[in-house]
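For reference, the structure is listed below as structure tokens.
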Amino acid sequence: MNQVRVRFAPSPTGSTHIGTARTALFNWLFARKEGGVFVLRIEDTDKERNTQEALEELIDGLKWLGLDWDEGPGKEGDFGPHFQSKRNDIYAQYLKILKDKDRVYEKDGAIYFKLEGDRFTEYDDYLKADVEKVKTQPVVIEDIIRGKVTRREDRDFVIQRSNGDPSFHFVNVVDDIAMKITHVIRGEDHLSNTSKHIELFNAFGVEPPKFAHLPMILKNPKEGKGKMSKRDKGALISEYRERNFIPEAVRNFIALLGWSPKDGQEVFTIEELTSRFRLEDVQKGGARFDEQKMSHLNFEYMKAMPIQAYVQIGKRSLAKSGLIEEPVDKNYLTAVMKLCQEKIDSFENLPGFASYFFSDQYAISEKAENKVMKKEGAIDRLEELLPRLAALQNWTQTEIDSAFNQLADEKQLKPFAWYPIVRFSVSGTNSGPDFLPMLEALGKERVLNRLEMAITKYH
RNA sequence: GCCCCGUUCGUCUAGCCAGGCCUAGGACACAUGGUUUUCAUCCAUGCGACAGGGGUUCGAAUCCCCUACGGGGUACCA
């Protein structure tokens, strides 16, 4: 069998959509699994809508997700160039083939592909006009995901626009032939186009590749109906980057959009993903985007990260929100990050979760304030505790713990009587990381200062 | 309008092609309880679905038909 060759063929007309990324990922996974070649081809035939920014964002997005291509921009190989805007001579050659076979004609300055079959005129309800139709033989699409799909084209279609640019259907097929593509893996929105493409393959006398049409990614029902659009939350790859999501987690999540292994495993290394991925196991029905699942997966990856990597990303996130600036106390930062790592599911929540470690200007939760500080005896608790903590020689968890316990014993209370009050006094909230480690990390000075301030403030 | 594709817990899905092992399994979310003397972690339990109708069959989530609903296409966009 010939080597598998797949292509990812985006057109750079806007921000990179999560569905686009999934198409790229599935092509990449299939190529890697089959020991094939992953081709990146830029379909930039629509000059009005293409932008350089969109192209850059696309490339950055692929790199961010760890999807490298074997042939494409920067890796020309034997089948370049990989920008359709630079392949006009190739399209001219192929157009000539169709001309020689008498399969094209010109009308209104555009070149049409001529279907084979008896012609007749019929009123078309969609076009609201009489149009010429062709009684063609149906075409069978061999789809790995859907099985055999039978469709029939009944109207000639444009392959070269009147401005001289070749059309999508034409260049898509020509390039798949010229680049020796064996499998076309793309969104279901192309399934209806595929009969046009097969007509073209047939006209060229080339056996069509195998097809696999991926289900659409639909909107969360709360957001409305239809397929996910670029305006929907979570739709753009750039958004995940900006929000400091873990690229591996995003990739993992995207892989699960329409695909899953039989045994239900959900967290994969890229190697596992590659070896387990099968086009046959792709779901037929539309998948719906679920942000909570994305966050959950992100959390799994965050928990599993080596602490150094965690600190690095955490630092970026904290710096961006202005909580820290160079030079940073690496040890302190690392200690704080360790506390956060098992608690929060996204780096975008880090500044909110950990602000009080780095600044005295942290938010005060009114709800927590009412719950904790308005209680009878709250200030007494702080006043009796303060000297005990101040007297500690070593500011360690163990020491702090025994200070609390001693005091609790004397007052015949549980240490729990102090915890929420102290937590609130030093952090402005009643939730957060593990209590004692948090106090240790904050340091004696900060803790004492904040307790004193709380006593003054709530007296 | 016409053509094509689809429809299992709120969500992602397993099971469907090769009908019985399905009183339909897992995950996220949610709820309750537990641990962690705090907590957004962790653990346990619970909640919860075969779109509807007909047919075939001893037996249907699984096969067939109809309906409903959803999606895509029907462009000199890709």
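Identifiers in the structure tokens: chain A, B, ... in order shown; residue index from 1 per chain; ligand index from 1 in order shown.
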
Within 9 Å of G1 (chain B), counting only C-alpha atoms (C1' of nucleotides), which residues show up once you throw out same-chain ones fewer than 5 positions away? Write them as JSON, numbers by chain, please. {"A": [124, 125, 126]}

Contact set, chain A to chain B: 6 Å, only C-alpha atoms (C1' of nucleotides), as a VMD selection string: chain A and resid 125 161 189 192 264 285 293 342 to 343 416 419 431 to 433 435

Take the residues just selected and output them with N, CA and C atoms as a PDB file, in the first residue's frame.
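Now in result-v7.pdb:
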```pdb
ATOM      1  N   ASP A 125     -36.367  26.152  -7.056  1.00  0.00           N
ATOM      2  CA  ASP A 125     -37.048  26.883  -6.005  1.00  0.00           C
ATOM      3  C   ASP A 125     -36.089  27.690  -5.144  1.00  0.00           C
ATOM      4  N   ARG A 161     -13.243  31.604 -11.794  1.00  0.00           N
ATOM      5  CA  ARG A 161     -14.110  32.783 -11.733  1.00  0.00           C
ATOM      6  C   ARG A 161     -13.777  33.745 -12.865  1.00  0.00           C
ATOM      7  N   ASP A 189     -19.235  19.832   6.832  1.00  0.00           N
ATOM      8  CA  ASP A 189     -19.783  20.850   5.931  1.00  0.00           C
ATOM      9  C   ASP A 189     -19.313  20.619   4.497  1.00  0.00           C
ATOM     10  N   SER A 192     -21.342  17.564   1.381  1.00  0.00           N
ATOM     11  CA  SER A 192     -22.153  17.827   0.191  1.00  0.00           C
ATOM     12  C   SER A 192     -21.300  18.272  -0.992  1.00  0.00           C
ATOM     13  N   GLY A 264     -12.896   4.391  27.277  1.00  0.00           N
ATOM     14  CA  GLY A 264     -13.271   5.565  28.051  1.00  0.00           C
ATOM     15  C   GLY A 264     -12.132   6.370  28.630  1.00  0.00           C
ATOM     16  N   GLY A 285     -22.531  11.998  15.042  1.00  0.00           N
ATOM     17  CA  GLY A 285     -23.361  13.135  15.439  1.00  0.00           C
ATOM     18  C   GLY A 285     -22.514  14.337  15.842  1.00  0.00           C
ATOM     19  N   LYS A 293     -15.843  20.850  30.884  1.00  0.00           N
ATOM     20  CA  LYS A 293     -15.016  19.682  30.626  1.00  0.00           C
ATOM     21  C   LYS A 293     -13.597  20.126  30.245  1.00  0.00           C
ATOM     22  N   GLU A 342      -2.715  22.321  43.539  1.00  0.00           N
ATOM     23  CA  GLU A 342      -3.746  21.300  43.723  1.00  0.00           C
ATOM     24  C   GLU A 342      -5.134  21.891  43.890  1.00  0.00           C
ATOM     25  N   LYS A 343      -5.248  23.189  43.710  1.00  0.00           N
ATOM     26  CA  LYS A 343      -6.541  23.810  43.987  1.00  0.00           C
ATOM     27  C   LYS A 343      -7.251  24.422  42.781  1.00  0.00           C
ATOM     28  N   PHE A 416     -10.540  25.087  65.159  1.00  0.00           N
ATOM     29  CA  PHE A 416     -11.476  25.537  64.132  1.00  0.00           C
ATOM     30  C   PHE A 416     -12.080  26.906  64.458  1.00  0.00           C
ATOM     31  N   TYR A 419      -9.578  29.309  62.850  1.00  0.00           N
ATOM     32  CA  TYR A 419      -9.196  29.173  61.438  1.00  0.00           C
ATOM     33  C   TYR A 419      -9.879  30.167  60.490  1.00  0.00           C
ATOM     34  N   SER A 431     -12.067  31.044  51.703  1.00  0.00           N
ATOM     35  CA  SER A 431     -11.634  29.809  51.040  1.00  0.00           C
ATOM     36  C   SER A 431     -10.251  30.036  50.454  1.00  0.00           C
ATOM     37  N   GLY A 432      -9.604  28.949  50.143  1.00  0.00           N
ATOM     38  CA  GLY A 432      -8.262  29.090  49.597  1.00  0.00           C
ATOM     39  C   GLY A 432      -7.462  27.829  49.783  1.00  0.00           C
ATOM     40  N   PRO A 433      -6.170  27.951  49.774  1.00  0.00           N
ATOM     41  CA  PRO A 433      -5.304  26.779  49.892  1.00  0.00           C
ATOM     42  C   PRO A 433      -5.354  26.197  51.311  1.00  0.00           C
ATOM     43  N   PHE A 435      -4.778  25.551  54.970  1.00  0.00           N
ATOM     44  CA  PHE A 435      -4.625  26.665  55.911  1.00  0.00           C
ATOM     45  C   PHE A 435      -3.215  26.829  56.481  1.00  0.00           C
TER      46      PHE A 435
END
```

With a distance cut-off of 12 Å and only C-alpha atoms (C1' of nucleotides), select the neighbouring residues of Arg146 (chain A), excluding the residue or stretch itself and same-chain residues fewer than 3 positions from it, and output the selection as a list in words.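 Counting only the stated atoms, we get Val140, Ile141, Glu142, Asp143, Val149, Thr150, Glu188, Leu191, Lys210, Phe211, Ala212, His213, Leu214, Pro215, Leu279, Glu280, Asp281, Val282, Gln283, Lys284 and Gly285 of chain A; C4, C5, G6 and C17 of chain B.
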
List as number ranges by chain the protein and nucleic acid residues near Asp176 (chain A), meaning an atom at most 10 Å away when only C-alpha atoms (C1' of nucleotides) are counted, but skip any in the same chain fewer than 6 places from it. A: 5-7, 41, 170, 182-184, 201, 208-209

For the residues in that selection, give me C-alpha atoms as a PDB file, in the first residue's frame.
```pdb
ATOM      1  CA  ARG A   5      -0.604  11.373   2.757  1.00  0.00           C
ATOM      2  CA  VAL A   6      -3.088  13.715   4.368  1.00  0.00           C
ATOM      3  CA  ARG A   7      -3.485  17.414   4.137  1.00  0.00           C
ATOM      4  CA  ARG A  41      -1.642  23.630   2.424  1.00  0.00           C
ATOM      5  CA  PHE A 170     -11.163  23.008  -8.568  1.00  0.00           C
ATOM      6  CA  THR A 182      -4.615   9.530  -0.014  1.00  0.00           C
ATOM      7  CA  HIS A 183      -7.088  10.538   2.691  1.00  0.00           C
ATOM      8  CA  VAL A 184      -9.189  13.657   2.948  1.00  0.00           C
ATOM      9  CA  PHE A 201     -11.483  13.327  -9.876  1.00  0.00           C
ATOM     10  CA  PRO A 208     -10.530   9.720  -5.521  1.00  0.00           C
ATOM     11  CA  PRO A 209      -8.911   9.554  -2.094  1.00  0.00           C
TER      12      PRO A 209
END
```

Env of U56 (chain B): 12 Å cut, atoms = only C-alpha atoms (C1' of nucleotides), seq-sep filter 4 positions within chain, self excluded. Answer as a PDB file with all heavy atoms, in the first residue's frame.
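Output contents, as saved in part-v8.pdb:
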```pdb
ATOM      1  P     G B  19     -26.632  -9.319  14.699  1.00  0.00           P
ATOM      2  OP1   G B  19     -27.255 -10.620  14.552  1.00  0.00           O
ATOM      3  OP2   G B  19     -26.993  -8.214  13.771  1.00  0.00           O
ATOM      4  O5'   G B  19     -26.872  -8.812  16.199  1.00  0.00           O
ATOM      5  C5'   G B  19     -26.884  -7.431  16.556  1.00  0.00           C
ATOM      6  C4'   G B  19     -27.925  -7.292  17.638  1.00  0.00           C
ATOM      7  O4'   G B  19     -29.197  -7.444  17.028  1.00  0.00           O
ATOM      8  C3'   G B  19     -27.764  -8.324  18.712  1.00  0.00           C
ATOM      9  O3'   G B  19     -27.670  -7.602  19.932  1.00  0.00           O
ATOM     10  C2'   G B  19     -29.056  -9.180  18.644  1.00  0.00           C
ATOM     11  O2'   G B  19     -29.593  -9.375  19.901  1.00  0.00           O
ATOM     12  C1'   G B  19     -29.992  -8.302  17.801  1.00  0.00           C
ATOM     13  N9    G B  19     -30.908  -8.981  16.895  1.00  0.00           N
ATOM     14  C8    G B  19     -30.655  -9.615  15.723  1.00  0.00           C
ATOM     15  N7    G B  19     -31.727 -10.068  15.131  1.00  0.00           N
ATOM     16  C5    G B  19     -32.766  -9.691  15.989  1.00  0.00           C
ATOM     17  C6    G B  19     -34.163  -9.893  15.886  1.00  0.00           C
ATOM     18  O6    G B  19     -34.767 -10.442  14.990  1.00  0.00           O
ATOM     19  N1    G B  19     -34.841  -9.361  16.978  1.00  0.00           N
ATOM     20  C2    G B  19     -34.241  -8.703  18.025  1.00  0.00           C
ATOM     21  N2    G B  19     -35.053  -8.264  18.972  1.00  0.00           N
ATOM     22  N3    G B  19     -32.942  -8.500  18.138  1.00  0.00           N
ATOM     23  C4    G B  19     -32.271  -9.016  17.092  1.00  0.00           C
ATOM     24  P     A B  60     -37.944  -6.875  21.525  1.00  0.00           P
ATOM     25  OP1   A B  60     -38.468  -5.833  22.451  1.00  0.00           O
ATOM     26  OP2   A B  60     -38.629  -7.103  20.246  1.00  0.00           O
ATOM     27  O5'   A B  60     -36.401  -6.601  21.223  1.00  0.00           O
ATOM     28  C5'   A B  60     -35.462  -6.144  22.224  1.00  0.00           C
ATOM     29  C4'   A B  60     -34.642  -5.039  21.587  1.00  0.00           C
ATOM     30  O4'   A B  60     -34.237  -5.502  20.294  1.00  0.00           O
ATOM     31  C3'   A B  60     -35.473  -3.760  21.421  1.00  0.00           C
ATOM     32  O3'   A B  60     -35.002  -2.694  22.189  1.00  0.00           O
ATOM     33  C2'   A B  60     -35.454  -3.446  19.929  1.00  0.00           C
ATOM     34  O2'   A B  60     -34.865  -2.203  19.700  1.00  0.00           O
ATOM     35  C1'   A B  60     -34.487  -4.475  19.355  1.00  0.00           C
ATOM     36  N9    A B  60     -34.888  -5.064  18.076  1.00  0.00           N
ATOM     37  C8    A B  60     -36.133  -5.338  17.574  1.00  0.00           C
ATOM     38  N7    A B  60     -36.124  -5.865  16.381  1.00  0.00           N
ATOM     39  C5    A B  60     -34.767  -5.953  16.074  1.00  0.00           C
ATOM     40  C6    A B  60     -34.074  -6.426  14.951  1.00  0.00           C
ATOM     41  N6    A B  60     -34.670  -6.935  13.874  1.00  0.00           N
ATOM     42  N1    A B  60     -32.732  -6.374  14.963  1.00  0.00           N
ATOM     43  C2    A B  60     -32.130  -5.869  16.032  1.00  0.00           C
ATOM     44  N3    A B  60     -32.677  -5.389  17.162  1.00  0.00           N
ATOM     45  C4    A B  60     -34.004  -5.461  17.107  1.00  0.00           C
ATOM     46  P     C B  63     -28.824  -0.677  13.679  1.00  0.00           P
ATOM     47  OP1   C B  63     -27.490  -0.547  13.065  1.00  0.00           O
ATOM     48  OP2   C B  63     -29.647   0.510  13.940  1.00  0.00           O
ATOM     49  O5'   C B  63     -29.708  -1.693  12.832  1.00  0.00           O
ATOM     50  C5'   C B  63     -29.098  -2.666  12.024  1.00  0.00           C
ATOM     51  C4'   C B  63     -30.161  -3.363  11.212  1.00  0.00           C
ATOM     52  O4'   C B  63     -30.920  -4.245  12.087  1.00  0.00           O
ATOM     53  C3'   C B  63     -31.224  -2.447  10.625  1.00  0.00           C
ATOM     54  O3'   C B  63     -30.791  -1.885   9.398  1.00  0.00           O
ATOM     55  C2'   C B  63     -32.385  -3.402  10.430  1.00  0.00           C
ATOM     56  O2'   C B  63     -32.204  -4.207   9.290  1.00  0.00           O
ATOM     57  C1'   C B  63     -32.277  -4.255  11.692  1.00  0.00           C
ATOM     58  N1    C B  63     -33.108  -3.768  12.813  1.00  0.00           N
ATOM     59  C2    C B  63     -34.495  -3.865  12.723  1.00  0.00           C
ATOM     60  O2    C B  63     -35.000  -4.357  11.705  1.00  0.00           O
ATOM     61  N3    C B  63     -35.259  -3.422  13.750  1.00  0.00           N
ATOM     62  C4    C B  63     -34.681  -2.895  14.832  1.00  0.00           C
ATOM     63  N4    C B  63     -35.472  -2.474  15.820  1.00  0.00           N
ATOM     64  C5    C B  63     -33.274  -2.769  14.943  1.00  0.00           C
ATOM     65  C6    C B  63     -32.526  -3.211  13.930  1.00  0.00           C
ATOM     66  P     C B  64     -31.350  -0.478   8.949  1.00  0.00           P
ATOM     67  OP1   C B  64     -30.544  -0.066   7.783  1.00  0.00           O
ATOM     68  OP2   C B  64     -31.474   0.407  10.112  1.00  0.00           O
ATOM     69  O5'   C B  64     -32.823  -0.836   8.460  1.00  0.00           O
ATOM     70  C5'   C B  64     -33.036  -1.610   7.293  1.00  0.00           C
ATOM     71  C4'   C B  64     -34.522  -1.686   7.026  1.00  0.00           C
ATOM     72  O4'   C B  64     -35.163  -2.407   8.116  1.00  0.00           O
ATOM     73  C3'   C B  64     -35.226  -0.347   7.018  1.00  0.00           C
ATOM     74  O3'   C B  64     -35.122   0.290   5.756  1.00  0.00           O
ATOM     75  C2'   C B  64     -36.660  -0.754   7.338  1.00  0.00           C
ATOM     76  O2'   C B  64     -37.314  -1.284   6.207  1.00  0.00           O
ATOM     77  C1'   C B  64     -36.441  -1.847   8.380  1.00  0.00           C
ATOM     78  N1    C B  64     -36.470  -1.344   9.763  1.00  0.00           N
ATOM     79  C2    C B  64     -37.714  -1.093  10.355  1.00  0.00           C
ATOM     80  O2    C B  64     -38.744  -1.275   9.686  1.00  0.00           O
ATOM     81  N3    C B  64     -37.764  -0.650  11.631  1.00  0.00           N
ATOM     82  C4    C B  64     -36.631  -0.448  12.311  1.00  0.00           C
ATOM     83  N4    C B  64     -36.736  -0.015  13.569  1.00  0.00           N
ATOM     84  C5    C B  64     -35.350  -0.684  11.735  1.00  0.00           C
ATOM     85  C6    C B  64     -35.316  -1.128  10.470  1.00  0.00           C
ATOM     86  P     C B  65     -35.196   1.886   5.677  1.00  0.00           P
ATOM     87  OP1   C B  65     -34.830   2.250   4.296  1.00  0.00           O
ATOM     88  OP2   C B  65     -34.475   2.489   6.822  1.00  0.00           O
ATOM     89  O5'   C B  65     -36.748   2.157   5.904  1.00  0.00           O
ATOM     90  C5'   C B  65     -37.701   1.764   4.927  1.00  0.00           C
ATOM     91  C4'   C B  65     -39.086   2.095   5.422  1.00  0.00           C
ATOM     92  O4'   C B  65     -39.346   1.361   6.649  1.00  0.00           O
ATOM     93  C3'   C B  65     -39.293   3.548   5.832  1.00  0.00           C
ATOM     94  O3'   C B  65     -39.566   4.376   4.707  1.00  0.00           O
ATOM     95  C2'   C B  65     -40.504   3.424   6.757  1.00  0.00           C
ATOM     96  O2'   C B  65     -41.703   3.262   6.033  1.00  0.00           O
ATOM     97  C1'   C B  65     -40.178   2.130   7.503  1.00  0.00           C
ATOM     98  N1    C B  65     -39.482   2.365   8.784  1.00  0.00           N
ATOM     99  C2    C B  65     -40.251   2.746   9.898  1.00  0.00           C
ATOM    100  O2    C B  65     -41.467   2.882   9.765  1.00  0.00           O
ATOM    101  N3    C B  65     -39.628   2.960  11.086  1.00  0.00           N
ATOM    102  C4    C B  65     -38.306   2.810  11.186  1.00  0.00           C
ATOM    103  N4    C B  65     -37.743   3.025  12.377  1.00  0.00           N
ATOM    104  C5    C B  65     -37.497   2.433  10.078  1.00  0.00           C
ATOM    105  C6    C B  65     -38.124   2.223   8.896  1.00  0.00           C
TER     106        C B  65
END
```

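Taking CA of Phe424 (chain A) and CA of Val372 (chain A) as the two end points, the separation is 7.3 Å.
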
Using backbone DSSP assignments, extract all alpha helix (DSSP H) residues from region 199-443 of chain A; output them as number ranges by chain. A: 199-204, 237-242, 247-255, 270-276, 291-304, 307-320, 330-341, 350-358, 366-372, 378-390, 397-411, 419-427, 435-442

Expected file: the selected residues, C-alpha atoms, as a compact mmCIF listing (two decimals), in the first residue's frame:
```txt
# COMPACT_ATOMS: atom_id res chain seq x y z
CA GLU A 199 -16.92 14.35 -10.42
CA LEU A 200 -13.68 16.25 -10.89
CA PHE A 201 -11.48 13.33 -9.88
CA ASN A 202 -13.38 11.18 -12.35
CA ALA A 203 -12.97 13.77 -15.07
CA PHE A 204 -9.24 13.74 -14.50
CA ILE A 237 -7.62 28.88 19.78
CA SER A 238 -6.07 32.25 20.49
CA GLU A 239 -8.43 32.63 23.43
CA TYR A 240 -6.99 29.55 25.12
CA ARG A 241 -3.50 30.84 24.64
CA GLU A 242 -4.35 34.20 26.10
CA PRO A 247 -1.76 23.48 25.18
CA GLU A 248 -1.57 19.75 25.86
CA ALA A 249 -4.87 19.98 27.71
CA VAL A 250 -6.49 21.90 24.89
CA ARG A 251 -5.20 19.37 22.41
CA ASN A 252 -6.48 16.54 24.58
CA PHE A 253 -9.87 18.19 24.84
CA ILE A 254 -10.13 18.82 21.14
CA ALA A 255 -9.28 15.20 20.44
CA ILE A 270 0.40 12.59 22.76
CA GLU A 271 1.90 9.15 22.15
CA GLU A 272 -1.15 7.43 23.57
CA LEU A 273 -3.39 9.65 21.53
CA THR A 274 -1.46 8.85 18.39
CA SER A 275 -1.48 5.12 18.86
CA ARG A 276 -5.10 4.90 19.93
CA GLU A 291 -16.27 24.60 28.78
CA GLN A 292 -16.46 22.81 32.11
CA LYS A 293 -15.02 19.68 30.63
CA MET A 294 -12.25 21.75 29.10
CA SER A 295 -11.48 23.24 32.50
CA HIS A 296 -11.52 19.86 34.13
CA LEU A 297 -9.00 18.53 31.67
CA ASN A 298 -6.90 21.62 32.10
CA PHE A 299 -6.92 21.01 35.83
CA GLU A 300 -5.77 17.44 35.34
CA TYR A 301 -2.82 18.68 33.34
CA MET A 302 -2.05 21.45 35.79
CA LYS A 303 -1.96 19.02 38.68
CA ALA A 304 0.33 16.69 36.79
CA ILE A 307 6.42 22.35 39.71
CA GLN A 308 9.10 24.24 37.77
CA ALA A 309 6.87 24.39 34.71
CA TYR A 310 3.95 25.40 36.87
CA VAL A 311 5.94 28.20 38.42
CA GLN A 312 6.97 29.43 35.02
CA ILE A 313 3.44 29.76 33.70
CA GLY A 314 2.14 31.00 37.01
CA LYS A 315 4.75 33.71 36.99
CA ARG A 316 3.66 34.85 33.57
CA SER A 317 0.05 34.98 34.65
CA LEU A 318 0.83 36.90 37.84
CA ALA A 319 3.11 39.33 36.06
CA LYS A 320 0.45 40.00 33.46
CA LYS A 330 11.85 32.45 43.44
CA ASN A 331 11.55 30.47 46.63
CA TYR A 332 8.52 32.37 47.81
CA LEU A 333 6.88 32.11 44.40
CA THR A 334 7.51 28.38 44.27
CA ALA A 335 6.08 27.86 47.74
CA VAL A 336 2.92 29.73 46.80
CA MET A 337 2.57 27.93 43.48
CA LYS A 338 2.76 24.58 45.25
CA LEU A 339 -0.26 25.61 47.29
CA CYS A 340 -2.16 26.66 44.21
CA GLN A 341 -1.34 23.68 42.07
CA LEU A 350 -4.49 32.27 39.64
CA PRO A 351 -4.27 36.04 40.20
CA GLY A 352 -7.67 36.05 41.87
CA PHE A 353 -6.81 33.05 43.97
CA ALA A 354 -3.39 34.14 45.09
CA SER A 355 -3.36 37.93 45.01
CA TYR A 356 -2.95 38.30 48.77
CA PHE A 357 0.34 36.45 48.65
CA PHE A 358 1.85 39.21 46.59
CA GLU A 366 -18.05 40.97 51.74
CA LYS A 367 -19.84 37.70 52.09
CA ALA A 368 -16.95 36.15 53.96
CA GLU A 369 -16.58 39.26 56.05
CA ASN A 370 -20.16 39.06 57.21
CA LYS A 371 -19.94 35.40 57.86
CA VAL A 372 -16.68 35.43 59.76
CA ALA A 378 -14.00 37.30 66.51
CA ILE A 379 -11.69 40.07 67.64
CA ASP A 380 -11.01 38.33 70.95
CA ARG A 381 -9.89 35.31 69.00
CA LEU A 382 -7.41 37.39 67.06
CA GLU A 383 -6.16 39.27 70.11
CA GLU A 384 -5.46 36.14 72.09
CA LEU A 385 -3.78 34.48 69.14
CA LEU A 386 -1.51 37.29 68.06
CA PRO A 387 1.04 37.10 70.92
CA ARG A 388 1.27 33.34 70.55
CA LEU A 389 2.18 33.58 66.92
CA ALA A 390 4.48 36.49 67.55
CA GLN A 397 3.59 24.60 59.91
CA THR A 398 4.29 22.40 62.89
CA GLU A 399 5.04 25.31 65.18
CA ILE A 400 2.04 27.25 64.02
CA ASP A 401 -0.11 24.20 64.45
CA SER A 402 0.98 23.66 68.03
CA ALA A 403 0.43 27.33 68.83
CA PHE A 404 -3.16 26.96 67.69
CA ASN A 405 -3.59 23.72 69.60
CA GLN A 406 -2.18 25.06 72.83
CA LEU A 407 -4.42 28.07 72.70
CA ALA A 408 -7.40 25.94 71.83
CA ASP A 409 -6.75 23.65 74.76
CA GLU A 410 -6.51 26.53 77.17
CA LYS A 411 -9.73 28.09 75.94
CA TYR A 419 -9.20 29.17 61.44
CA PRO A 420 -11.84 31.05 59.46
CA ILE A 421 -11.16 34.31 61.29
CA VAL A 422 -7.45 34.10 60.70
CA ARG A 423 -7.90 32.99 57.14
CA PHE A 424 -10.15 35.91 56.45
CA SER A 425 -7.86 38.36 58.21
CA VAL A 426 -4.85 37.42 56.16
CA SER A 427 -6.54 36.75 52.81
CA PHE A 435 -4.63 26.66 55.91
CA LEU A 436 -1.42 25.94 57.79
CA PRO A 437 0.79 25.72 54.72
CA MET A 438 -0.74 28.97 53.60
CA LEU A 439 0.26 30.71 56.83
CA GLU A 440 3.72 29.29 56.61
CA ALA A 441 4.10 30.44 53.03
CA LEU A 442 2.81 33.93 53.75
```

Name the closest residue to G20 (chain B) among the candidates B:C69, B:G33, B:A51, B:C58; distances are taken between atoms, counting only C-alpha atoms (C1' of nucleotides). B:C58

Would you mind listing what lies within 12 Å of U32 (chain B) as JSON, numbers by chain, with only C-alpha atoms (C1' of nucleotides) counted and same-chain residues fewer than 3 positions away left out? {"B": [44, 45, 46, 47]}

Contacts of Glu116 (chain A) at 9 Å (only C-alpha atoms (C1' of nucleotides); same-chain gap of 5+ positions) as a ChimeraX atom specification: /A:103,134-137
